[in-house]
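Below is one structure; the comments refer to it alone.
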Amino acid sequence: HPEEEVLFVLRGEPTIVWQADGETIERQLGPWDMVYNPPGIIHGIRNNSDEDCFFQVMLGNPRPNRPLYQDEALLSLQAKDDPDAASRQ
C-alpha cells in the first residue's frame, strides 16, 4: 500500500516480516518495540505463540485526505485554511 506505517507493540511478541528484492527478513518484537514500514514494501505480522498479541498501527500519507463536511459553515472555514477544498467536494 502507498502509506507509510508504524507498528507499536503493546503486548505479546509478534514477528514482523518484510520482503524486498527477493529477500525475506524477519524480526521478533516485544512490548514497547516500534517498527517503521516504508510505503510499497511487502510486509506482514505473525504471532508464533499462544499468547495474545496487541499492537497499534499508525498510517501516514504524504497528503492525507481531509474530512468532507456537510455543514456550510465548516466547509467555509476549511476552504479558508485550504483554498482547494472546494474542488474536492
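We name chains A, B, ... following the order of the C-alpha cells; residues begin at 1 in each chain, and ligands are numbered from 1 as shown.
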Name all residues at most 7 Å from Tyr36 of chain A (count only C-alpha atoms; drop same-chain ones fewer than 2 positions away) and give them as a compact mmCIF listing (two decimals) with all heavy atoms, in the first residue's frame.
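The file below, around-v5.txt, is the result:
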```txt
# COMPACT_ATOMS: atom_id res chain seq x y z
N GLU A 5 3.80 3.15 7.45
CA GLU A 5 3.12 2.52 8.57
C GLU A 5 4.10 2.38 9.74
O GLU A 5 5.25 2.01 9.54
CB GLU A 5 2.64 1.14 8.10
CG GLU A 5 1.86 0.34 9.08
CD GLU A 5 1.42 -0.97 8.45
OE1 GLU A 5 2.23 -1.91 8.39
OE2 GLU A 5 0.27 -1.05 8.00
N VAL A 6 3.60 2.67 10.93
CA VAL A 6 4.39 2.46 12.14
C VAL A 6 3.61 1.48 13.01
O VAL A 6 2.41 1.64 13.22
CB VAL A 6 4.62 3.79 12.91
CG1 VAL A 6 5.29 3.53 14.24
CG2 VAL A 6 5.45 4.74 12.07
N LEU A 7 4.29 0.46 13.49
CA LEU A 7 3.70 -0.57 14.33
C LEU A 7 4.30 -0.44 15.72
O LEU A 7 5.52 -0.43 15.87
CB LEU A 7 4.00 -1.95 13.75
CG LEU A 7 3.55 -3.12 14.61
CD1 LEU A 7 2.12 -3.48 14.25
CD2 LEU A 7 4.45 -4.30 14.39
N MET A 34 8.89 -0.68 18.49
CA MET A 34 8.24 0.04 17.40
C MET A 34 9.03 -0.22 16.12
O MET A 34 10.26 -0.35 16.17
CB MET A 34 8.24 1.53 17.71
CG MET A 34 7.53 2.36 16.67
SD MET A 34 7.57 4.13 17.05
CE MET A 34 9.25 4.51 16.58
N PRO A 38 8.17 1.29 5.36
CA PRO A 38 8.05 2.29 4.29
C PRO A 38 6.94 1.93 3.30
O PRO A 38 6.55 0.78 3.18
CB PRO A 38 9.41 2.24 3.59
CG PRO A 38 10.27 1.35 4.39
CD PRO A 38 9.42 0.57 5.33
```
Contacts of Gly44 of chain A at 8 Å (only C-alpha atoms; same-chain gap of 5+ positions) as a ChimeraX atom specification: /A:16-18
Residues near Asn48 of chain A, cut-off 10 Å, only C-alpha atoms, skip fewer than 2 positions along chain, as a PyMOL selection string: chain A and resi 12-15+28+45-46+50-51+53
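With only C-alpha atoms as the atoms that count, the minimum distance from Trp32 of chain A to the choices A:Gln56, A:Gln70, A:Ser49, A:Asn61 is reached by A:Gln56.
Straight-line separation from atom CA of Leu29 of chain A to atom CA of Phe54 of chain A: 11.6 Å.
If you measure from each of A:Asn47, A:Ile41, A:Gly30, A:Asp81 to Leu10 of chain A using only C-alpha atoms, the closest one turns out to be A:Gly30.
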Atom-to-atom span, atom CA of Tyr69 of chain A and atom CA of Pro39 of chain A, Å: 28.6 Å
Which of chain A fall in strand (DSSP E), as number ranges by chain: A: 4-11, 15-20, 23-28, 34-37, 42-46, 54-60
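Neighbours of Ala20 of chain A closer than or equal to 10 Å, with only C-alpha atoms counted and sequence neighbours fewer than 5 positions away skipped, come out as A:Ile25, A:Gly40, A:Ile41, A:Ile42, A:His43.
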Picked from segment 9-83 of chain A by DSSP as helix (DSSP H, G or I), as a PyMOL selection string: chain A and resi 72-81
Selected residue, from A:Val57, A:Arg11, A:Ala79, A:Arg63, that lies nearest to Asn37 of chain A when counting only C-alpha atoms: A:Val57
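Using only C-alpha atoms, the shortest contact distance between Phe8 of chain A and any of A:Pro31, A:Glu26, A:Leu74, A:Asn65 is found at A:Pro31.
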One-decimal distance in Å that lies between atom CA of Glu4 of chain A and atom CA of Gly60 of chain A: 5.1 Å
